[in-house]
>>> print(open('start.cif').read())   # mmCIF, C-alpha atoms and all ligand atoms
data_coords
loop_
_atom_site.label_atom_id
_atom_site.label_comp_id
_atom_site.auth_asym_id
_atom_site.auth_seq_id
_atom_site.Cartn_x
_atom_site.Cartn_y
_atom_site.Cartn_z
CA MET A 1 0.00 0.00 0.00
CA THR A 2 2.76 2.38 1.09
CA ARG A 3 4.78 1.42 -2.00
CA ASN A 4 1.78 2.17 -4.27
CA LEU A 5 1.37 5.56 -2.71
CA ARG A 6 5.06 6.38 -3.30
CA ILE A 7 4.81 5.34 -6.96
CA THR A 8 1.66 7.44 -7.45
CA SER A 9 3.36 10.39 -5.78
CA ARG A 10 6.43 10.02 -8.05
CA ARG A 11 4.20 9.85 -11.12
CA ARG A 12 2.46 13.06 -10.08
CA ARG A 13 5.69 15.07 -9.72
CA PRO A 14 6.10 15.93 -13.43
CA LEU A 15 2.46 16.91 -13.49
CA ILE A 16 2.89 19.24 -10.52
CA CYS A 17 5.96 20.78 -12.14
CA LEU A 18 4.03 21.28 -15.36
CA TYR A 19 1.15 22.94 -13.51
CA SER A 20 3.55 25.18 -11.59
CA PHE A 21 5.33 26.16 -14.77
CA ALA A 22 2.02 26.87 -16.52
CA PHE A 23 0.89 28.92 -13.54
CA LEU A 24 4.04 31.02 -13.56
CA PHE A 25 3.82 31.38 -17.33
CA CYS A 26 0.29 32.75 -16.97
CA LEU A 27 1.58 35.26 -14.40
CA LEU A 28 4.37 36.41 -16.72
CA PRO A 29 2.40 39.27 -18.35
CA PHE A 30 1.74 40.65 -14.85
CA LEU A 31 5.21 40.01 -13.43
CA ALA A 32 7.23 41.33 -16.36
CA PRO A 33 6.11 44.99 -16.04
CA LEU A 34 6.67 44.82 -12.28
CA TRP A 35 10.17 43.44 -12.78
CA LEU A 36 10.91 46.08 -15.42
CA GLN A 37 9.64 48.83 -13.15
CA PHE A 38 11.75 47.55 -10.27
CA THR A 39 14.85 47.45 -12.49
CA LEU A 40 14.26 51.01 -13.73
CA ILE A 41 13.71 52.35 -10.22
CA TYR A 42 16.87 50.60 -9.01
CA ALA A 43 18.93 51.88 -11.96
CA HIS A 44 17.60 55.42 -11.45
CA THR A 45 18.38 55.34 -7.72
CA PHE A 46 21.87 53.94 -8.31
CA THR A 47 22.71 56.51 -11.01
CA ARG A 48 21.34 59.33 -8.89
CA HIS A 49 23.32 58.15 -5.87
CA SER A 50 26.58 58.05 -7.90
CA THR A 51 25.95 61.51 -9.36
CA LEU A 52 25.16 62.85 -5.91
CA ASN A 53 28.39 61.40 -4.54
CA HIS A 54 30.40 63.10 -7.27
CA SER A 55 28.82 66.51 -7.00
CA ALA A 56 27.72 66.40 -3.37
CA LYS A 57 30.76 68.27 -2.11
CA SER A 58 30.45 71.21 -4.49
CA ARG A 59 26.66 71.45 -4.04
CA GLU A 60 27.02 71.18 -0.28
CA ILE A 61 29.43 74.11 -0.42
CA SER A 62 27.26 76.23 -2.69
CA MET A 63 24.25 75.64 -0.39
CA LYS A 64 26.12 76.49 2.79
CA LYS A 65 25.43 79.86 4.34
CA THR A 66 29.09 80.21 5.25
CA THR A 67 31.99 78.42 3.58
CA LYS A 68 35.08 78.04 5.72
CA ILE A 69 38.38 78.65 3.99
CA GLY A 70 41.96 77.68 4.77
CA ILE A 71 44.86 79.35 2.95
CA ILE A 72 48.36 77.95 2.51
CA ILE A 73 50.98 80.38 1.22
CA CYS A 74 54.45 79.88 -0.24
CA ASP A 75 57.03 80.11 2.55
CA ARG A 76 59.08 82.57 0.50
CA TYR A 77 56.38 85.10 1.49
CA ARG A 78 56.13 84.01 5.13
CA THR A 79 56.34 87.59 6.36
CA CYS A 80 53.43 88.62 4.15
CA ALA A 81 50.52 89.99 6.16
CA GLY A 82 48.07 88.48 3.68
CA GLY A 83 46.81 91.83 2.41
CA LYS A 84 45.98 90.69 -1.12
CA CYS A 85 44.55 87.31 -0.13
CA LEU A 86 42.33 88.79 2.58
CA ARG A 87 41.18 91.62 0.34
CA ALA A 88 40.26 89.15 -2.39
CA LEU A 89 38.45 86.96 0.13
CA ARG A 90 36.47 89.92 1.41
CA ASN A 91 35.62 91.18 -2.10
CA LYS A 92 35.19 87.69 -3.60
CA GLU A 93 37.74 88.40 -6.29
CA GLY A 94 40.22 86.13 -8.04
CA ALA A 95 39.76 82.51 -7.00
CA PHE A 96 37.19 83.62 -4.42
CA SER A 97 34.84 84.85 -7.14
CA MET A 98 33.55 81.28 -7.39
CA TYR A 99 31.64 81.70 -4.11
CA THR A 100 28.65 83.60 -5.39
CA ASP A 101 25.97 82.44 -2.95
CA THR A 102 27.79 81.83 0.31
CA ASP A 103 29.59 83.91 2.92
CA LEU A 104 33.27 83.22 3.51
CA GLU A 105 35.11 82.73 6.79
CA LEU A 106 38.86 82.28 7.10
CA VAL A 107 39.62 79.40 9.51
CA GLY A 108 43.32 78.86 8.84
CA TYR A 109 46.33 80.63 7.34
CA THR A 110 49.84 79.24 7.23
CA THR A 111 52.85 78.64 5.01
CA CYS A 112 54.12 75.43 3.43
CA ALA A 113 57.17 75.76 5.73
CA GLY A 114 59.69 75.98 2.89
CA CYS A 115 60.74 73.74 0.02
CA PRO A 116 59.70 71.05 -0.52
CA GLY A 117 56.61 71.93 1.54
CA GLY A 118 56.92 69.92 4.76
CA ASN A 119 53.89 71.60 6.34
CA ILE A 120 51.57 70.38 3.59
CA GLU A 121 51.51 66.93 5.15
CA TYR A 122 50.04 68.15 8.45
CA THR A 123 48.47 71.54 8.08
CA GLY A 124 45.43 70.23 6.20
CA GLU A 125 44.43 68.20 9.25
CA GLU A 126 44.30 71.22 11.51
CA MET A 127 42.36 73.25 8.97
CA VAL A 128 39.82 70.49 8.42
CA LYS A 129 39.45 70.03 12.20
CA ASN A 130 38.74 73.75 12.36
CA GLY A 131 35.93 73.27 9.83
CA ALA A 132 37.64 74.15 6.54
CA ASP A 133 35.43 73.28 3.58
CA VAL A 134 37.98 74.42 0.99
CA ILE A 135 41.73 74.92 1.16
CA HIS A 136 43.24 77.48 -1.20
CA LEU A 137 46.86 77.37 -2.33
CA ALA A 138 47.85 81.02 -2.52
CA THR A 139 48.41 82.85 -5.79
CA GLY A 140 51.99 83.51 -4.61
CA MET A 141 52.78 79.87 -5.41
CA LEU A 142 51.91 80.66 -9.03
CA VAL A 143 53.41 84.09 -9.48
CA GLY A 144 56.64 83.77 -7.46
CA TYR A 145 59.72 83.09 -9.51
CA PRO A 146 60.09 80.32 -10.14
CA PRO A 147 56.54 79.20 -9.44
CA CYS A 148 56.24 76.36 -6.97
CA PRO A 149 56.98 73.09 -8.79
CA HIS A 150 54.90 71.09 -6.29
CA ILE A 151 51.49 72.73 -6.62
CA GLN A 152 49.79 69.78 -8.31
CA THR A 153 51.33 67.36 -5.78
CA PHE A 154 50.10 69.53 -2.89
CA LYS A 155 46.62 69.69 -4.40
CA ASP A 156 46.39 65.94 -4.98
CA PHE A 157 47.79 65.08 -1.56
CA ILE A 158 45.52 67.36 0.47
CA THR A 159 42.45 66.30 -1.52
CA MET A 160 43.14 62.61 -1.04
CA ARG A 161 44.49 62.71 2.50
CA TYR A 162 41.88 65.01 4.05
CA GLY A 163 38.93 64.66 1.65
CA VAL A 164 38.67 68.42 1.30
CA GLN A 165 38.32 70.50 -1.84
CA VAL A 166 41.53 72.27 -2.86
CA VAL A 167 41.60 75.32 -5.11
CA VAL A 168 44.79 76.74 -6.62
CA GLY A 169 44.80 80.50 -6.28
CA THR A 170 43.60 83.18 -3.90
CA HIS A 171 43.85 86.82 -5.04
CA PRO A 172 43.79 87.78 -8.74
CA ILE A 173 47.12 87.42 -10.55
CA PRO A 174 48.50 90.98 -10.58
CA GLN A 175 48.89 92.36 -14.10
CA LYS A 176 52.62 93.00 -13.66
CA TYR A 177 53.19 89.31 -12.82
CA LEU A 178 51.07 88.20 -15.76
CA ASP A 179 53.16 90.39 -18.09
CA LEU A 180 56.43 89.09 -16.62
CA HIS A 181 55.48 85.42 -16.77
CA THR A 182 53.97 85.73 -20.23
CA GLY A 183 57.25 87.28 -21.44
CA LEU A 184 59.26 84.53 -19.78
CA GLY A 185 56.97 81.79 -21.05
CA THR A 186 56.61 80.47 -17.48
CA TRP A 187 53.09 79.17 -17.99
CA SER A 188 53.42 78.23 -21.67
CA ASN A 189 53.17 74.52 -20.87
CA PRO A 190 49.45 73.56 -21.11
CA SER A 191 49.67 71.85 -17.70
CA TRP A 192 49.66 75.32 -16.11
CA ALA A 193 46.33 76.33 -17.65
CA PRO A 194 44.09 74.60 -15.05
CA LEU A 195 46.34 75.86 -12.24
CA ILE A 196 46.23 79.55 -13.11
CA GLU A 197 42.64 79.75 -14.35
CA GLN A 198 40.95 80.38 -10.97
CA ALA A 199 43.21 83.36 -10.19
CA MET A 200 43.01 84.86 -13.67
CA SER A 201 40.61 87.80 -13.44
CA ASP A 202 39.81 90.57 -15.91
CA GLU A 203 42.51 93.13 -16.68
CA GLN A 204 41.00 95.90 -14.58
CA THR A 205 40.91 93.66 -11.48
CA ARG A 206 44.42 92.36 -12.17
CA LYS A 207 45.72 95.95 -12.37
CA ALA A 208 44.01 96.74 -9.08
CA TYR A 209 46.22 94.08 -7.46
CA ASP A 210 49.53 95.39 -8.91
S1 LIG B 301 58.18 77.03 -3.86
FE1 LIG B 301 56.57 75.60 -3.17
S2 LIG B 301 57.55 74.23 -1.72
FE2 LIG B 301 58.93 75.98 -2.00
S3 LIG B 301 58.41 77.41 -0.38
FE3 LIG B 301 57.15 77.99 -2.11
S4 LIG B 301 55.22 76.83 -1.91
FE4 LIG B 301 56.72 75.92 -0.53
#
>>> encode(input="start.cif", output="structure tokens")
Amino acid sequence: MTRNLRITSRRRRPLICLYSFAFLFCLLPFLAPLWLQFTLIYAHTFTRHSTLNHSAKSREISMKKTTKIGIIICDRYRTCAGGKCLRALRNKEGAFSMYTDTDLELVGYTTCAGCPGGNIEYTGEEMVKNGADVIHLATGMLVGYPPCPHIQTFKDFITMRYGVQVVVGTHPIPQKYLDLHTGLGTWSNPSWAPLIEQAMSDEQTRKAYD
């Protein structure tokens, strides 16, 4: 009796599978749109999340009421009182002209400590602890002669090590320095273009910083 039942049960298995398959097949027209919708929603969320991650920092900054700034200057100008940098920060000129819809607050100001820039390794930490959203490498690193050969390294290091945005430039490049460096061909290599662009203002502003 028990054996017969087992045999009957075994014979029914293919039938049950067939019914299950047919049942699922009938549901396919209803399940397919749901699956498609789920996939689209997931893809949209994932793409949006990635985009947000990439631009979150800059949007965060532009939405902040006050953006906190740290400035690192070239040690050759260590006795500089910061007149041009602070004026540009106050007037939102030069590299500070990018902050159109936020107030600015200076939370750190120091030098690189001399070639090859030993202070770069540590000073970012203190500035970030003090709330710095953006660290600016001063225009002096660009216009001094010769310009600092480590600017790109400083920028990459601070960005990666402290996860903070780094901008090259503070006050507008004074016109007299632009004339000198153009004559000397200092910035003729295309690699300088992205480094000097933030501090390159219009001629009238540049002359005001001579
Ligand atoms: S040239 Fe560069 S490394 Fe040397 S003192 Fe100036 S900023 Fe520092």
>>> residues_around(input="start.cif", residues="A:Phe154", least_positions_apart="6", cutoff="12 Å", atoms="all atoms listed in the file", output="PyMOL selection string")
chain A and resi 72-74+112+115-124+135-138+141+148+160-162+165-168+195
>>> write_last_selection(input="start.cif", atoms="C-alpha atoms", output="CSV table (one decimal), keeping the file's coordinate frame")
chain,number,residue,atom,x,y,z
A,72,ILE,CA,48.4,78.0,2.5
A,73,ILE,CA,51.0,80.4,1.2
A,74,CYS,CA,54.4,79.9,-0.2
A,112,CYS,CA,54.1,75.4,3.4
A,115,CYS,CA,60.7,73.7,0.0
A,116,PRO,CA,59.7,71.0,-0.5
A,117,GLY,CA,56.6,71.9,1.5
A,118,GLY,CA,56.9,69.9,4.8
A,119,ASN,CA,53.9,71.6,6.3
A,120,ILE,CA,51.6,70.4,3.6
A,121,GLU,CA,51.5,66.9,5.2
A,122,TYR,CA,50.0,68.2,8.4
A,123,THR,CA,48.5,71.5,8.1
A,124,GLY,CA,45.4,70.2,6.2
A,135,ILE,CA,41.7,74.9,1.2
A,136,HIS,CA,43.2,77.5,-1.2
A,137,LEU,CA,46.9,77.4,-2.3
A,138,ALA,CA,47.8,81.0,-2.5
A,141,MET,CA,52.8,79.9,-5.4
A,148,CYS,CA,56.2,76.4,-7.0
A,160,MET,CA,43.1,62.6,-1.0
A,161,ARG,CA,44.5,62.7,2.5
A,162,TYR,CA,41.9,65.0,4.0
A,165,GLN,CA,38.3,70.5,-1.8
A,166,VAL,CA,41.5,72.3,-2.9
A,167,VAL,CA,41.6,75.3,-5.1
A,168,VAL,CA,44.8,76.7,-6.6
A,195,LEU,CA,46.3,75.9,-12.2
>>> closest_residue(input="start.cif", among="A:Ile158, A:Ile173, A:Ala81, A:Ala208", to="A:Val143", atoms="all atoms listed in the file")
A:Ile173
>>> residues_near_point(input="start.cif", point="(37.7, 69.7, 11.1)", cutoff="12 Å", atoms="only C-alpha atoms", output="ChimeraX atom specification")
/A:68-70,107-108,123-135,162-164
>>> closest_residue(input="start.cif", among="A:Glu93, A:Thr186, A:Pro194, A:Glu203", to="A:Lys155", atoms="all atoms listed in the file")
A:Pro194
>>> atom_distance(input="start.cif", atom1="atom S2 of ligand LIG 301 (chain B)", atom2="atom CA of A:Glu105")
25.5 Å
>>> atom_distance(input="start.cif", atom1="atom CA of A:Arg76", atom2="atom CA of A:Asp156")
21.6 Å
